[in-house]
Amino acid sequence: MIEFLTDLNPIIQALLATLFTWSITAIGASLVFLFKKVNKNVMDAMLGFAAGVMIAASFWSLLSPAIEMAESLEMISWLVVFIGFFSGGVLLYTGDKVFNYFERKFSKKTNKEKANSFKRCLMLIFSITLHNIPEGLAVGVAFGSIKYGLNGANLTAASLLALGIGLQNFPEGTAVSVPLRREGMSRKKAFLWGQLSGVVEPIAGVIGALLVLRVQFLLPFLLSFAAGAMIYVVVQELIPESQTNKKKDLMALFTIAGFSLMMILDVALG
């Protein structure tokens with residue numbers, strides 16, 4: 001299996017990896033057929049674990065290779081990585097602000113219960129979809145950068161990054177489909193919209209891999225950009241959500257466990 005993946009074009013690797021992360025979103029969304037409510041402890045533990053995996057991946061799979069590539073291209077490594085990392089976070093911050101603006105504007109126009117229900121559904125789908133874009137980009141960039149043989153940029157690290165993102169996509173799919181069901185949508189439609197929130201990941205993944213392979217000098221920026229976007233998602237979404245659990249200390253341990261696993265695998269196999 002590993003040999004099969006190794007022989008594939010990086011763009012195909014990125015596509016397969018992001019199709020995997022999308023499929024995990026669909027599996028999470030499919031819980032709407034089984035439950036009206038999913039155990040919060042399980043969901044929060046998965047979010048905390050995925051947060052740890054993504055934090056570790058942001059350094060060993062993205063930032064560390066970005067620094068190495070910038071140095072090999074005789075760039076000012078710290079400056080390029082800072083610009084990329086900060087830009088990734090700022091883009092998602094800006095997206096959140098635009099999202100909040102339109103949410104407030106929509107709320108002022110109507111107070112009708114049905115309209116408010118539709119607004120909640122629309123905003124939920126949009127917010128999850130928005131955050132899936134940088135995740136798909138991160139996977140695509142990770143697979144595309146394998147070609148350059150950087151430390152930390154290898155099939156194992158890229159696959160682990162995809163696995164970490166896939167893990168946190170599971171509760172995201174459920175987080176869309178189950179509330180939609182509670183708002184009165186049919187199970188089939190709730191599942192459809194839940195899994196569609198992840199469809200942007202294969203698109204973003206292929207774009208990320210294409211950019212890396214076609215424009216080499218952009219690689220340090222793209223790697224660090226993806227890391228900044230991922231850290232923003234972790235800090236703004238995953239960790240705060242997992243910490244709403246009554247067992248905060250246990251959820252924190254799941255984050256540590258996710259980070260530790262990714263660190264060990266990335267360093268030992270990288």
# chains A, B, ... in the order shown; residues from 1 in each chain; ligands from 1
call {"tool": "residues_around", "arguments": {"residues": "Gly173 in chain A", "least_positions_apart": "2", "cutoff": "7 Å", "atoms": "only C-alpha atoms", "output": "PyMOL selection string"}}
result
chain A and resi 25-26+28-29+169-171+175-177+194-195
call {"tool": "write_last_selection", "arguments": {"atoms": "C-alpha atoms", "output": "tab-separated table (two decimals), in the first residue's frame"}}
result
chain	number	residue	atom	x	y	z
A	25	THR	CA	-16.77	14.17	7.34
A	26	ALA	CA	-19.43	12.08	5.60
A	28	GLY	CA	-19.56	11.91	10.97
A	29	ALA	CA	-22.59	13.34	9.18
A	169	ASN	CA	-13.65	16.26	10.50
A	170	PHE	CA	-15.68	13.48	12.07
A	171	PRO	CA	-17.26	15.64	14.79
A	175	ALA	CA	-21.90	19.09	14.22
A	176	VAL	CA	-23.59	20.09	10.96
A	177	SER	CA	-26.00	17.21	10.31
A	194	GLY	CA	-23.26	17.70	6.59
A	195	GLN	CA	-20.98	15.83	4.19
call {"tool": "residues_around", "arguments": {"residues": "range 160-163 of chain A", "least_positions_apart": "2", "cutoff": "10 Å", "atoms": "only C-alpha atoms", "output": "MDAnalysis selection string"}}
result
chainID A and resid 14 16:21 24 50 53:58 60:62 135:136 138:140 142:143 155:158 165:169 261:262 265:266
call {"tool": "residues_around", "arguments": {"residues": "Thr94 in chain A", "least_positions_apart": "6", "cutoff": "12 Å", "atoms": "only C-alpha atoms", "output": "PyMOL selection string"}}
result
chain A and resi 87-88+100-101+130+229+232
call {"tool": "atom_distance", "arguments": {"atom1": "CA of Ile83 in chain A", "atom2": "CA of Val235 in chain A"}}
result
18.9 Å
call {"tool": "select_by_dssp", "arguments": {"residues": "range 117-247 of chain A", "states": "alpha helix (DSSP H)", "output": "ChimeraX atom specification"}}
result
/A:117-144,155-182,187-196,200-214,219-233,239-242
call {"tool": "closest_residue", "arguments": {"among": "A:Tyr93, A:Tyr148, A:Phe254, A:Phe225", "to": "Phe59 in chain A", "atoms": "only C-alpha atoms"}}
result
A:Phe225
call {"tool": "closest_residue", "arguments": {"among": "A:Leu223, A:Val32, A:Ala204, A:Val90", "to": "Ile67 in chain A", "atoms": "only C-alpha atoms"}}
result
A:Leu223
call {"tool": "residues_around", "arguments": {"residues": "range 72-75 of chain A", "least_positions_apart": "3", "cutoff": "10 Å", "atoms": "only C-alpha atoms", "output": "number ranges by chain"}}
result
A: 66-69, 78-81, 150, 216-217, 220
call {"tool": "residues_around", "arguments": {"residues": "Gly258 in chain A", "least_positions_apart": "2", "cutoff": "6 Å", "atoms": "only C-alpha atoms", "output": "ChimeraX atom specification"}}
result
/A:49,52-53,255-256,260-261
call {"tool": "residues_around", "arguments": {"residues": "range 236-250 of chain A", "least_positions_apart": "2", "cutoff": "7 Å", "atoms": "only C-alpha atoms", "output": "list in words"}}
result
Asn41, Asp44, Ala45, Leu47, Gly48, Ala51, Tyr232, Val233, Val234, Ala252, Leu253 and Phe254 of chain A
call {"tool": "closest_residue", "arguments": {"among": "A:Leu192, A:Leu92, A:Met263, A:Ile27", "to": "Gly228 in chain A", "atoms": "only C-alpha atoms"}}
result
A:Leu92
